[in-house]
Amino acid sequence: MAEADLVQRAKNLISDLAQKPRFAGSAEESAARALCRAELERAGFECHEQSFEYSEWPARWGPPLAAAFQAATVLAVAHMAVHHGPLAALLVGAALLTALILASGDAKRRWIARFPLRRAKSRNLEAKRGNPAVWLVAHCDSKSQTVPILIRIASSVALAAATAASFGVLLLALVGISLIESVWHLLAILAVLTALPSMLCFIRNDSNGAVDNASGVAAVLLAARSESAPRDLGILITSGEELGLAGARAWLTAHAPASAEPGLRVLNCDTVDDTGDWWCMYTGAKPKRIAAAAETIAGALGVRLPMRRLIPGILADSMAFSDLGIEAVTLSRGTLSTLARIHTRRDTSNAFGGNGVAEASALLSALARELG
């Protein structure tokens with residue numbers, strides 16, 4: 001249980017950060033970043049801001065278009081299977097899915113920075129003390145969506161299941177197990193229905209972003225100011241996380257030589273509620289050094305801190321680092337109710353007591369010290 005003073009500081013920080021929506025590049029986000037800078041400078045960090053330019057287009061339109069393309073792939077497979085046979089359907093489906101995977105990967109890694117449409121500007125805040133090998137990361141921007149994140153995640157998972165089922169039926173047909181034509185009609189209908197929530201999910205700016213992610217920023221700031229944090233420590237407050245991890249990818253591009261160092265490790269904090277299970281999430285290869293540190297710290301503090309893969313359909317800044325082979329995790333805590341608040345008008349500081357953020361700050365400072 002965190003000390004009462006730390007809990008109150010956490011609550012105050014969340015309230016200050018989440019007064020208004022903070023869309024990437026907005027004046028409201030700039031004010032929140034200035035608050036972060038003042039906190040970090042008081043803790044002895046050398047701060048500077050990094051301006052970057054990016055395209056909002058992939059984040060705004062990529063997910064709806066990808067869902068539509070995936071549903072269209074199932075429709076094409078169903079049509080080919082009925083009219084031209086399973087082998088032709090398999091070849092067409094494999095070609096379309098391969099194209100989608102390659103385009104999605106390229107969009108995430110390059111289009112954010114280079115795509116010519118909907119260009120925008122924002123800033124990251126970098127703070128250093130000493131010569132850090134461990135970086136604490138949290139994104140400052142917020143957004144809302146026309147479709148709640150729980151429904152969008154369910155849509156992504158269900159659409160993936162419908163796509164897998166279609167290829168499973170194709171394989172059965174190729175080995176001689178024929179199914180009635182209505183199975184393909186059913187799969188086509190399921191693909192369209194499961195894709196609709198993702199196709200209708202558009203970005204807005206009417207969420208105060210308390211849990212996502214004033215909570216993570218507050219936890220990082222408190223960890224940075226903790227007496228138990230290591231002397232050598234880096235802090236990165238990113239912008240544009242809600243728009244395809246734009247800020248994290250821009251920081252990595254600007255710091256290419258330093259980010260390639262084998263000892264660099266990243267602890268991202270995103271979405272910390274007062275209740276629920278702790279999650280230490282990763283993508284790519286399991287970050288073994290961080291996993292060992294998490295096991296040690298969890299035992300010392302008496303908490304469960306399991307390592308799990310990032311929930312499908314969710315983006316987090318740690319992904320940008322993992323894509324380059326850097327050990328990175330995202331620390332999070334919450335319940336289904338927490339997910340239901342994210343990216344909605346209900347994500348305000350009124351729902352916070354501050355206890356979860358205070359505990360997160362203790363975990364982050366302990367992990368940073370163990371890894372340092």
# chains A, B, ... in the order shown; residues from 1 in each chain; ligands from 1
>>> closest_atom_pairs(of="region 130-203 of chain A", to="region 326-330 of chain A", cutoff="10 Å", atoms="only C-alpha atoms", output="JSON lines")
{"residue": "A:Val134", "atom": "CA", "partner": "A:Ala328", "partner_atom": "CA", "distance": 9.9}
{"residue": "A:Trp135", "atom": "CA", "partner": "A:Ala328", "partner_atom": "CA", "distance": 9.4}
{"residue": "A:Leu136", "atom": "CA", "partner": "A:Thr330", "partner_atom": "CA", "distance": 9.9}
{"residue": "A:Val137", "atom": "CA", "partner": "A:Thr330", "partner_atom": "CA", "distance": 8.9}
{"residue": "A:Ala138", "atom": "CA", "partner": "A:Thr330", "partner_atom": "CA", "distance": 9.2}
>>> residues_around(residues="region 142-155 of chain A", least_positions_apart="4", cutoff="7 Å", atoms="only C-alpha atoms", output="list of chain:residue names")
A:Pro21, A:Arg22, A:Phe23, A:Leu159, A:Thr194, A:Ala195, A:Pro197, A:Ser198, A:Cys201, A:Phe202, A:Ile203, A:Arg204, A:Asn205, A:Asp206, A:Ser207, A:Asn208, A:Gly209, A:Asp212, A:Asn213, A:Glu242, A:Pro312, A:Gly313, A:Leu339, A:Ala340, A:Ile342, A:His343, A:Thr344
>>> residues_around(residues="His48 (chain A)", least_positions_apart="2", cutoff="10 Å", atoms="only C-alpha atoms", output="PyMOL selection string")
chain A and resi 37+45-46+50-51+123-128
>>> closest_residue(among="A:Gly299, A:Ala229, A:Phe321, A:Ala18", to="Leu264 (chain A)", atoms="only C-alpha atoms")
A:Phe321
>>> residues_around(residues="region 69-85 of chain A", least_positions_apart="4", cutoff="9 Å", atoms="only C-alpha atoms", output="tab-separated table (two decimals) with all heavy atoms, in the first residue's frame")
chain	number	residue	atom	x	y	z
A	64	PRO	N	-9.48	1.63	-40.10
A	64	PRO	CA	-10.74	1.34	-40.79
A	64	PRO	C	-10.54	0.71	-42.16
A	64	PRO	O	-11.25	-0.23	-42.54
A	64	PRO	CB	-11.40	2.73	-40.91
A	64	PRO	CG	-10.81	3.52	-39.82
A	64	PRO	CD	-9.39	3.05	-39.71
A	65	LEU	N	-9.54	1.22	-42.92
A	65	LEU	CA	-9.29	0.66	-44.25
A	65	LEU	C	-8.76	-0.77	-44.16
A	65	LEU	O	-9.10	-1.62	-44.99
A	65	LEU	CB	-8.31	1.55	-45.00
A	65	LEU	CG	-8.86	2.91	-45.47
A	65	LEU	CD1	-7.76	3.74	-46.10
A	65	LEU	CD2	-10.01	2.71	-46.45
A	89	ALA	N	-9.03	-20.14	-54.59
A	89	ALA	CA	-9.40	-19.29	-53.45
A	89	ALA	C	-8.23	-19.12	-52.49
A	89	ALA	O	-7.99	-18.03	-51.95
A	89	ALA	CB	-10.60	-19.88	-52.73
A	90	LEU	N	-7.49	-20.21	-52.27
A	90	LEU	CA	-6.35	-20.16	-51.35
A	90	LEU	C	-5.27	-19.23	-51.89
A	90	LEU	O	-4.69	-18.42	-51.15
A	90	LEU	CB	-5.79	-21.56	-51.14
A	90	LEU	CG	-4.60	-21.67	-50.17
A	90	LEU	CD1	-5.03	-21.23	-48.76
A	90	LEU	CD2	-4.05	-23.08	-50.14
A	91	LEU	N	-5.00	-19.32	-53.18
A	91	LEU	CA	-3.96	-18.47	-53.77
A	91	LEU	C	-4.34	-16.99	-53.71
A	91	LEU	O	-3.52	-16.13	-53.36
A	91	LEU	CB	-3.72	-18.90	-55.22
A	91	LEU	CG	-3.09	-20.29	-55.41
A	91	LEU	CD1	-3.03	-20.66	-56.89
A	91	LEU	CD2	-1.70	-20.33	-54.79
A	92	VAL	N	-5.60	-16.70	-54.04
A	92	VAL	CA	-6.07	-15.32	-54.00
A	92	VAL	C	-6.06	-14.79	-52.57
A	92	VAL	O	-5.58	-13.68	-52.29
A	92	VAL	CB	-7.49	-15.21	-54.61
A	92	VAL	CG1	-8.09	-13.83	-54.32
A	92	VAL	CG2	-7.44	-15.44	-56.11
A	93	GLY	N	-6.57	-15.58	-51.64
A	93	GLY	CA	-6.62	-15.16	-50.24
A	93	GLY	C	-5.23	-14.93	-49.67
A	93	GLY	O	-5.00	-13.95	-48.96
A	96	LEU	N	-3.79	-11.66	-51.06
A	96	LEU	CA	-4.41	-10.47	-50.47
A	96	LEU	C	-3.96	-10.25	-49.03
A	96	LEU	O	-3.67	-9.11	-48.62
A	96	LEU	CB	-5.94	-10.60	-50.53
A	96	LEU	CG	-6.56	-10.51	-51.92
A	96	LEU	CD1	-8.06	-10.79	-51.86
A	96	LEU	CD2	-6.32	-9.13	-52.53
A	97	LEU	N	-3.90	-11.31	-48.24
A	97	LEU	CA	-3.46	-11.18	-46.85
A	97	LEU	C	-2.00	-10.77	-46.76
A	97	LEU	O	-1.62	-9.96	-45.91
A	97	LEU	CB	-3.68	-12.49	-46.10
A	97	LEU	CG	-5.05	-12.71	-45.47
A	97	LEU	CD1	-5.04	-13.98	-44.62
A	97	LEU	CD2	-5.47	-11.53	-44.61
A	100	LEU	N	-1.82	-7.12	-47.40
A	100	LEU	CA	-2.30	-6.36	-46.23
A	100	LEU	C	-1.24	-6.31	-45.13
A	100	LEU	O	-1.00	-5.24	-44.54
A	100	LEU	CB	-3.58	-6.99	-45.70
A	100	LEU	CG	-4.16	-6.36	-44.42
A	100	LEU	CD1	-4.50	-4.90	-44.66
A	100	LEU	CD2	-5.39	-7.14	-43.95
A	159	LEU	N	-12.80	-10.54	-36.18
A	159	LEU	CA	-12.47	-10.52	-37.61
A	159	LEU	C	-11.30	-11.45	-37.91
A	159	LEU	O	-11.30	-12.16	-38.94
A	159	LEU	CB	-12.15	-9.10	-38.04
A	159	LEU	CG	-11.81	-8.89	-39.52
A	159	LEU	CD1	-12.92	-9.40	-40.42
A	159	LEU	CD2	-11.54	-7.40	-39.79
A	160	ALA	N	-10.31	-11.48	-37.02
A	160	ALA	CA	-9.19	-12.41	-37.19
A	160	ALA	C	-9.68	-13.86	-37.14
A	160	ALA	O	-9.22	-14.71	-37.91
A	160	ALA	CB	-8.13	-12.17	-36.12
A	162	ALA	N	-12.72	-14.93	-37.94
A	162	ALA	CA	-13.48	-15.21	-39.16
A	162	ALA	C	-12.53	-15.46	-40.34
A	162	ALA	O	-12.77	-16.35	-41.17
A	162	ALA	CB	-14.41	-14.04	-39.47
A	163	THR	N	-11.43	-14.69	-40.38
A	163	THR	CA	-10.44	-14.89	-41.45
A	163	THR	C	-9.77	-16.25	-41.31
A	163	THR	O	-9.61	-16.98	-42.31
A	163	THR	CB	-9.38	-13.77	-41.39
A	163	THR	OG1	-10.02	-12.50	-41.46
A	163	THR	CG2	-8.40	-13.91	-42.54
A	166	SER	N	-12.06	-19.03	-42.37
A	166	SER	CA	-12.18	-19.13	-43.83
A	166	SER	C	-11.05	-19.95	-44.43
A	166	SER	O	-11.26	-20.82	-45.30
A	166	SER	CB	-12.19	-17.73	-44.46
A	166	SER	OG	-13.28	-16.98	-43.98
A	167	PHE	N	-9.83	-19.70	-43.96
A	167	PHE	CA	-8.70	-20.46	-44.48
A	167	PHE	C	-8.73	-21.90	-43.96
A	167	PHE	O	-8.27	-22.82	-44.65
A	167	PHE	CB	-7.40	-19.76	-44.12
A	167	PHE	CG	-7.06	-18.61	-45.03
A	167	PHE	CD1	-7.59	-17.35	-44.78
A	167	PHE	CD2	-6.28	-18.79	-46.15
A	167	PHE	CE1	-7.32	-16.29	-45.63
A	167	PHE	CE2	-5.99	-17.74	-47.00
A	167	PHE	CZ	-6.52	-16.48	-46.75
A	170	LEU	N	-11.00	-23.71	-46.24
A	170	LEU	CA	-10.30	-23.96	-47.51
A	170	LEU	C	-9.39	-25.18	-47.42
A	170	LEU	O	-9.35	-26.01	-48.35
A	170	LEU	CB	-9.45	-22.74	-47.89
A	170	LEU	CG	-10.13	-21.58	-48.62
A	170	LEU	CD1	-9.12	-20.50	-48.93
A	170	LEU	CD2	-10.80	-22.07	-49.89
A	173	ALA	N	-11.36	-28.28	-47.59
A	173	ALA	CA	-11.79	-28.56	-48.96
A	173	ALA	C	-10.65	-29.12	-49.80
A	173	ALA	O	-10.85	-30.01	-50.65
A	173	ALA	CB	-12.34	-27.28	-49.59
A	174	LEU	N	-9.43	-28.64	-49.57
A	174	LEU	CA	-8.29	-29.12	-50.34
A	174	LEU	C	-7.96	-30.58	-50.05
A	174	LEU	O	-7.41	-31.27	-50.92
A	174	LEU	CB	-7.07	-28.24	-50.04
A	174	LEU	CG	-7.05	-26.85	-50.71
A	174	LEU	CD1	-5.90	-26.02	-50.17
A	174	LEU	CD2	-6.93	-27.01	-52.23
A	181	GLU	N	-22.40	-24.93	-49.58
A	181	GLU	CA	-22.13	-23.57	-50.03
A	181	GLU	C	-22.53	-22.52	-48.99
A	181	GLU	O	-21.90	-21.47	-48.89
A	181	GLU	CB	-22.87	-23.32	-51.34
A	181	GLU	CG	-22.58	-21.98	-51.98
A	181	GLU	CD	-23.26	-21.84	-53.33
A	181	GLU	OE1	-23.28	-22.83	-54.10
A	181	GLU	OE2	-23.79	-20.74	-53.60
A	184	TRP	N	-19.91	-20.79	-46.73
A	184	TRP	CA	-19.18	-19.63	-47.24
A	184	TRP	C	-20.01	-18.35	-47.11
A	184	TRP	O	-19.48	-17.29	-46.81
A	184	TRP	CB	-18.77	-19.86	-48.69
A	184	TRP	CG	-17.64	-20.82	-48.81
A	184	TRP	CD1	-17.67	-22.08	-49.33
A	184	TRP	CD2	-16.31	-20.61	-48.35
A	184	TRP	NE1	-16.43	-22.67	-49.24
A	184	TRP	CE2	-15.58	-21.79	-48.64
A	184	TRP	CE3	-15.65	-19.55	-47.72
A	184	TRP	CZ2	-14.23	-21.93	-48.33
A	184	TRP	CZ3	-14.31	-19.68	-47.41
A	184	TRP	CH2	-13.62	-20.87	-47.72
A	185	HIS	N	-21.32	-18.48	-47.32
A	185	HIS	CA	-22.18	-17.31	-47.14
A	185	HIS	C	-22.15	-16.84	-45.68
A	185	HIS	O	-22.09	-15.63	-45.41
A	185	HIS	CB	-23.62	-17.65	-47.56
A	185	HIS	CG	-23.75	-17.98	-48.99
A	185	HIS	ND1	-24.77	-18.76	-49.52
A	185	HIS	CD2	-22.96	-17.64	-50.06
A	185	HIS	CE1	-24.62	-18.88	-50.82
A	185	HIS	NE2	-23.53	-18.22	-51.17
A	187	LEU	N	-19.69	-17.31	-43.47
A	187	LEU	CA	-18.39	-16.72	-43.18
A	187	LEU	C	-18.28	-15.30	-43.75
A	187	LEU	O	-17.70	-14.40	-43.12
A	187	LEU	CB	-17.27	-17.60	-43.73
A	187	LEU	CG	-17.01	-18.90	-42.97
A	187	LEU	CD1	-16.03	-19.78	-43.74
A	187	LEU	CD2	-16.45	-18.59	-41.59
A	188	ALA	N	-18.83	-15.09	-44.92
A	188	ALA	CA	-18.80	-13.77	-45.54
A	188	ALA	C	-19.60	-12.77	-44.70
A	188	ALA	O	-19.16	-11.63	-44.46
A	188	ALA	CB	-19.36	-13.83	-46.95
A	189	ILE	N	-20.77	-13.19	-44.24
A	189	ILE	CA	-21.60	-12.31	-43.41
A	189	ILE	C	-20.88	-12.00	-42.09
A	189	ILE	O	-20.86	-10.85	-41.63
A	189	ILE	CB	-22.97	-12.97	-43.15
A	189	ILE	CG1	-23.77	-13.03	-44.45
A	189	ILE	CG2	-23.74	-12.19	-42.08
A	189	ILE	CD1	-25.03	-13.87	-44.34
A	190	LEU	N	-20.28	-13.01	-41.47
A	190	LEU	CA	-19.55	-12.81	-40.22
A	190	LEU	C	-18.39	-11.83	-40.41
A	190	LEU	O	-18.15	-10.98	-39.54
A	190	LEU	CB	-19.02	-14.16	-39.70
A	190	LEU	CG	-20.03	-15.09	-39.04
A	190	LEU	CD1	-19.37	-16.42	-38.69
A	190	LEU	CD2	-20.61	-14.45	-37.78
A	191	ALA	N	-17.68	-11.95	-41.51
A	191	ALA	CA	-16.55	-11.06	-41.75
A	191	ALA	C	-17.00	-9.61	-41.84
A	191	ALA	O	-16.39	-8.71	-41.25
A	191	ALA	CB	-15.83	-11.46	-43.03
A	192	VAL	N	-18.10	-9.36	-42.54
A	192	VAL	CA	-18.60	-7.99	-42.67
A	192	VAL	C	-19.08	-7.46	-41.33
A	192	VAL	O	-18.76	-6.33	-40.93
A	192	VAL	CB	-19.73	-7.94	-43.71
A	192	VAL	CG1	-20.38	-6.55	-43.71
A	192	VAL	CG2	-19.20	-8.27	-45.10
A	193	LEU	N	-19.84	-8.28	-40.59
A	193	LEU	CA	-20.39	-7.83	-39.30
A	193	LEU	C	-19.27	-7.55	-38.29
A	193	LEU	O	-19.33	-6.56	-37.55
A	193	LEU	CB	-21.35	-8.87	-38.75
A	193	LEU	CG	-22.68	-9.03	-39.50
A	193	LEU	CD1	-23.52	-10.15	-38.87
A	193	LEU	CD2	-23.46	-7.73	-39.50
A	194	THR	N	-18.27	-8.43	-38.23
A	194	THR	CA	-17.19	-8.22	-37.26
A	194	THR	C	-16.28	-7.07	-37.65
A	194	THR	O	-15.64	-6.45	-36.79
A	194	THR	CB	-16.35	-9.51	-37.10
A	194	THR	OG1	-15.84	-9.92	-38.38
A	194	THR	CG2	-17.18	-10.63	-36.50
A	195	ALA	N	-16.21	-6.75	-38.94
A	195	ALA	CA	-15.36	-5.64	-39.38
A	195	ALA	C	-16.01	-4.28	-39.18
A	195	ALA	O	-15.31	-3.27	-39.04
A	195	ALA	CB	-15.02	-5.81	-40.86
>>> residues_around(residues="Pro116 (chain A)", least_positions_apart="2", cutoff="10 Å", atoms="only C-alpha atoms", output="list in words")
Tyr54, Ser55, Glu56, Trp57, Trp111, Ile112, Ala113, Arg114, Arg118 and Arg119 of chain A
>>> write_last_selection(atoms="C-alpha atoms", output="PDB file, in the first residue's frame")
ATOM      1  CA  TYR A  54       4.373  13.326 -39.004  1.00  0.00           C
ATOM      2  CA  SER A  55       1.253  12.310 -40.898  1.00  0.00           C
ATOM      3  CA  GLU A  56      -2.033  11.759 -39.080  1.00  0.00           C
ATOM      4  CA  TRP A  57      -3.447   9.937 -42.089  1.00  0.00           C
ATOM      5  CA  TRP A 111       4.127   6.159 -43.473  1.00  0.00           C
ATOM      6  CA  ILE A 112       3.711   7.902 -40.104  1.00  0.00           C
ATOM      7  CA  ALA A 113       6.831   9.935 -40.820  1.00  0.00           C
ATOM      8  CA  ARG A 114       6.702  10.192 -44.630  1.00  0.00           C
ATOM      9  CA  ARG A 118      -2.537  15.391 -43.192  1.00  0.00           C
ATOM     10  CA  ARG A 119       0.894  16.549 -42.061  1.00  0.00           C
TER      11      ARG A 119
END
>>> select_by_dssp(residues="region 205-261 of chain A", states="strand (DSSP E)", output="PyMOL selection string")
chain A and resi 233-238
>>> residues_around(residues="Phe52 (chain A)", least_positions_apart="2", cutoff="10 Å", atoms="only C-alpha atoms", output="list of chain:residue names")
A:Gly25, A:Glu49, A:Gln50, A:Tyr54, A:Ala113, A:Ala120, A:Lys121, A:Ser122, A:Arg123, A:Asn124, A:Ser239, A:Gly240, A:Ala246, A:Gly247, A:Arg249, A:Ala250, A:Trp251, A:Ala254
>>> write_last_selection(atoms="all heavy atoms", output="CSV table (one decimal), in the first residue's frame")
chain,number,residue,atom,x,y,z
A,25,GLY,N,-0.1,17.9,-30.4
A,25,GLY,CA,0.2,19.2,-31.0
A,25,GLY,C,-0.7,20.3,-30.6
A,25,GLY,O,-0.4,21.5,-31.0
A,49,GLU,N,13.0,19.8,-25.5
A,49,GLU,CA,11.9,19.3,-26.3
A,49,GLU,C,12.4,19.1,-27.7
A,49,GLU,O,13.2,19.8,-28.3
A,49,GLU,CB,10.8,20.3,-26.3
A,49,GLU,CG,10.2,20.5,-24.9
A,49,GLU,CD,9.0,21.4,-24.9
A,49,GLU,OE1,8.4,21.7,-25.9
A,49,GLU,OE2,8.6,21.9,-23.8
A,50,GLN,N,11.8,18.0,-28.3
A,50,GLN,CA,12.2,17.6,-29.7
A,50,GLN,C,11.0,17.8,-30.5
A,50,GLN,O,9.9,17.2,-30.3
A,50,GLN,CB,12.6,16.2,-29.7
A,50,GLN,CG,12.8,15.6,-31.1
A,50,GLN,CD,12.6,14.1,-31.2
A,50,GLN,OE1,12.2,13.5,-30.3
A,50,GLN,NE2,13.0,13.6,-32.4
A,54,TYR,N,4.9,14.7,-38.7
A,54,TYR,CA,4.4,13.3,-39.0
A,54,TYR,C,3.1,13.5,-39.8
A,54,TYR,O,2.5,14.6,-39.9
A,54,TYR,CB,4.2,12.5,-37.7
A,54,TYR,CG,3.1,13.1,-36.8
A,54,TYR,CD1,1.8,12.5,-36.8
A,54,TYR,CD2,3.2,14.2,-36.1
A,54,TYR,CE1,0.8,13.0,-36.0
A,54,TYR,CE2,2.2,14.7,-35.3
A,54,TYR,CZ,1.0,14.1,-35.2
A,54,TYR,OH,0.0,14.6,-34.5
A,113,ALA,N,5.9,8.8,-40.6
A,113,ALA,CA,6.8,9.9,-40.8
A,113,ALA,C,6.8,10.5,-42.2
A,113,ALA,O,7.0,11.7,-42.4
A,113,ALA,CB,8.2,9.4,-40.5
A,120,ALA,N,1.3,17.0,-39.7
A,120,ALA,CA,1.1,17.7,-38.5
A,120,ALA,C,2.4,17.8,-37.7
A,120,ALA,O,3.4,17.1,-38.1
A,120,ALA,CB,0.1,17.0,-37.6
A,121,LYS,N,2.5,18.7,-36.7
A,121,LYS,CA,3.7,18.8,-35.9
A,121,LYS,C,3.3,18.7,-34.4
A,121,LYS,O,2.3,19.0,-34.0
A,121,LYS,CB,4.3,20.2,-36.1
A,121,LYS,CG,4.9,20.4,-37.5
A,121,LYS,CD,5.5,21.8,-37.7
A,121,LYS,CE,6.1,22.0,-39.1
A,121,LYS,NZ,6.7,23.3,-39.2
A,122,SER,N,4.3,18.2,-33.7
A,122,SER,CA,4.2,18.1,-32.2
A,122,SER,C,5.6,18.0,-31.6
A,122,SER,O,6.6,18.2,-32.3
A,122,SER,CB,3.3,16.9,-31.8
A,122,SER,OG,3.0,17.1,-30.4
A,123,ARG,N,5.6,17.8,-30.3
A,123,ARG,CA,6.9,17.8,-29.6
A,123,ARG,C,7.0,16.6,-28.6
A,123,ARG,O,5.9,16.3,-27.9
A,123,ARG,CB,7.2,19.1,-28.8
A,123,ARG,CG,7.4,20.3,-29.7
A,123,ARG,CD,7.5,21.6,-28.9
A,123,ARG,NE,7.9,22.7,-29.8
A,123,ARG,CZ,9.1,23.1,-30.0
A,123,ARG,NH1,10.1,22.5,-29.4
A,123,ARG,NH2,9.4,24.1,-30.7
A,124,ASN,N,8.1,16.0,-28.4
A,124,ASN,CA,8.4,15.1,-27.3
A,124,ASN,C,9.2,15.9,-26.3
A,124,ASN,O,9.9,16.9,-26.6
A,124,ASN,CB,9.3,14.0,-27.8
A,124,ASN,CG,8.6,13.0,-28.7
A,124,ASN,OD1,7.4,12.8,-28.6
A,124,ASN,ND2,9.3,12.5,-29.7
A,239,SER,N,4.6,12.5,-27.6
A,239,SER,CA,3.4,13.0,-28.2
A,239,SER,C,3.0,12.1,-29.3
A,239,SER,O,3.9,11.3,-29.8
A,239,SER,CB,3.5,14.4,-28.6
A,239,SER,OG,2.4,14.9,-29.3
A,240,GLY,N,1.8,12.1,-29.8
A,240,GLY,CA,1.4,11.3,-31.0
A,240,GLY,C,1.4,9.8,-30.8
A,240,GLY,O,1.3,9.1,-31.8
A,246,ALA,N,3.7,8.1,-33.2
A,246,ALA,CA,4.5,9.0,-34.0
A,246,ALA,C,5.6,9.6,-33.2
A,246,ALA,O,6.8,9.7,-33.7
A,246,ALA,CB,3.6,10.2,-34.5
A,247,GLY,N,5.4,10.0,-31.9
A,247,GLY,CA,6.5,10.6,-31.1
A,247,GLY,C,7.6,9.6,-30.8
A,247,GLY,O,8.8,9.9,-30.9
A,249,ARG,N,8.5,6.9,-32.4
A,249,ARG,CA,9.2,6.6,-33.7
A,249,ARG,C,10.1,7.8,-34.1
A,249,ARG,O,11.2,7.6,-34.6
A,249,ARG,CB,8.2,6.2,-34.8
A,249,ARG,CG,7.5,4.9,-34.5
A,249,ARG,CD,6.8,4.3,-35.7
A,249,ARG,NE,5.9,3.2,-35.4
A,249,ARG,CZ,6.3,2.0,-35.1
A,249,ARG,NH1,7.6,1.7,-35.2
A,249,ARG,NH2,5.4,1.0,-34.9
A,250,ALA,N,9.6,9.0,-33.9
A,250,ALA,CA,10.4,10.1,-34.2
A,250,ALA,C,11.6,10.2,-33.3
A,250,ALA,O,12.8,10.5,-33.7
A,250,ALA,CB,9.6,11.4,-34.1
A,251,TRP,N,11.5,9.9,-32.0
A,251,TRP,CA,12.6,10.0,-31.1
A,251,TRP,C,13.6,8.9,-31.4
A,251,TRP,O,14.8,9.2,-31.4
A,251,TRP,CB,12.1,9.7,-29.6
A,251,TRP,CG,13.1,9.9,-28.6
A,251,TRP,CD1,13.5,11.1,-28.0
A,251,TRP,CD2,14.0,8.9,-28.0
A,251,TRP,NE1,14.5,10.8,-27.0
A,251,TRP,CE2,14.8,9.5,-27.1
A,251,TRP,CE3,14.1,7.5,-28.2
A,251,TRP,CZ2,15.7,8.8,-26.3
A,251,TRP,CZ3,15.0,6.8,-27.5
A,251,TRP,CH2,15.8,7.5,-26.5
A,254,ALA,N,15.6,10.1,-34.4
A,254,ALA,CA,16.6,11.1,-34.0
A,254,ALA,C,17.7,10.6,-33.2
A,254,ALA,O,18.8,11.2,-33.1
A,254,ALA,CB,15.8,12.3,-33.3
>>> select_by_dssp(residues="region 300-345 of chain A", states="alpha helix (DSSP H)", output="ChimeraX atom specification")
/A:300-301,318-322,336-341
>>> closest_residue(among="A:Asp141, A:Asp270, A:Pro63, A:Leu301", to="Ala27 (chain A)", atoms="only C-alpha atoms")
A:Asp141
>>> atom_distance(atom1="CA of Ile14 (chain A)", atom2="CA of Glu295 (chain A)")
28.3 Å
>>> atom_distance(atom1="CA of Gly334 (chain A)", atom2="CA of Gly302 (chain A)")
18.1 Å
>>> closest_residue(among="A:Pro306, A:Gly325, A:Pro58, A:Gly356", to="Val266 (chain A)", atoms="only C-alpha atoms")
A:Gly325
>>> residues_around(residues="Gly276 (chain A)", least_positions_apart="4", cutoff="10 Å", atoms="only C-alpha atoms", output="list in words")
Val272, Ser332, Arg333, Gly334, Thr335, Leu336, Ser337, Thr338 and Gly356 of chain A
>>> write_last_selection(atoms="C-alpha atoms", output="PDB file, in the first residue's frame")
ATOM      1  CA  VAL A 272      -2.920   2.699 -14.622  1.00  0.00           C
ATOM      2  CA  SER A 332      -0.422  -1.201 -16.954  1.00  0.00           C
ATOM      3  CA  ARG A 333      -3.184  -1.912 -14.456  1.00  0.00           C
ATOM      4  CA  GLY A 334      -6.924  -2.109 -14.870  1.00  0.00           C
ATOM      5  CA  THR A 335     -10.123  -4.041 -15.411  1.00  0.00           C
ATOM      6  CA  LEU A 336     -12.674  -4.352 -18.202  1.00  0.00           C
ATOM      7  CA  SER A 337     -14.303  -1.259 -16.716  1.00  0.00           C
ATOM      8  CA  THR A 338     -11.007   0.586 -17.226  1.00  0.00           C
ATOM      9  CA  GLY A 356      -2.701   2.782  -8.463  1.00  0.00           C
TER      10      GLY A 356
END
>>> closest_residue(among="A:Glu370, A:Glu241, A:Asp317, A:Asp16", to="Ile290 (chain A)", atoms="only C-alpha atoms")
A:Glu370
>>> decode(residues="region 358-364 of chain A", atoms="N, CA, C and O atoms", output="PDB file, in the first residue's frame")
ATOM      1  N   ALA A 358       0.376   5.756  -7.582  1.00  0.00           N
ATOM      2  CA  ALA A 358       1.430   5.773  -6.559  1.00  0.00           C
ATOM      3  C   ALA A 358       2.175   4.445  -6.536  1.00  0.00           C
ATOM      4  O   ALA A 358       3.406   4.404  -6.453  1.00  0.00           O
ATOM      5  N   GLU A 359       1.435   3.342  -6.608  1.00  0.00           N
ATOM      6  CA  GLU A 359       2.070   2.020  -6.623  1.00  0.00           C
ATOM      7  C   GLU A 359       2.872   1.810  -7.903  1.00  0.00           C
ATOM      8  O   GLU A 359       3.950   1.202  -7.880  1.00  0.00           O
ATOM      9  N   ALA A 360       2.350   2.304  -9.019  1.00  0.00           N
ATOM     10  CA  ALA A 360       3.080   2.184 -10.286  1.00  0.00           C
ATOM     11  C   ALA A 360       4.405   2.921 -10.225  1.00  0.00           C
ATOM     12  O   ALA A 360       5.422   2.447 -10.753  1.00  0.00           O
ATOM     13  N   SER A 361       4.420   4.090  -9.581  1.00  0.00           N
ATOM     14  CA  SER A 361       5.667   4.843  -9.474  1.00  0.00           C
ATOM     15  C   SER A 361       6.706   4.075  -8.669  1.00  0.00           C
ATOM     16  O   SER A 361       7.903   4.094  -9.002  1.00  0.00           O
ATOM     17  N   ALA A 362       6.255   3.379  -7.624  1.00  0.00           N
ATOM     18  CA  ALA A 362       7.180   2.574  -6.824  1.00  0.00           C
ATOM     19  C   ALA A 362       7.723   1.405  -7.637  1.00  0.00           C
ATOM     20  O   ALA A 362       8.921   1.079  -7.559  1.00  0.00           O
ATOM     21  N   LEU A 363       6.867   0.781  -8.427  1.00  0.00           N
ATOM     22  CA  LEU A 363       7.316  -0.322  -9.287  1.00  0.00           C
ATOM     23  C   LEU A 363       8.313   0.167 -10.325  1.00  0.00           C
ATOM     24  O   LEU A 363       9.351  -0.469 -10.568  1.00  0.00           O
ATOM     25  N   LEU A 364       8.031   1.301 -10.944  1.00  0.00           N
ATOM     26  CA  LEU A 364       8.916   1.828 -11.985  1.00  0.00           C
ATOM     27  C   LEU A 364      10.284   2.206 -11.428  1.00  0.00           C
ATOM     28  O   LEU A 364      11.319   1.890 -12.034  1.00  0.00           O
TER      29      LEU A 364
END
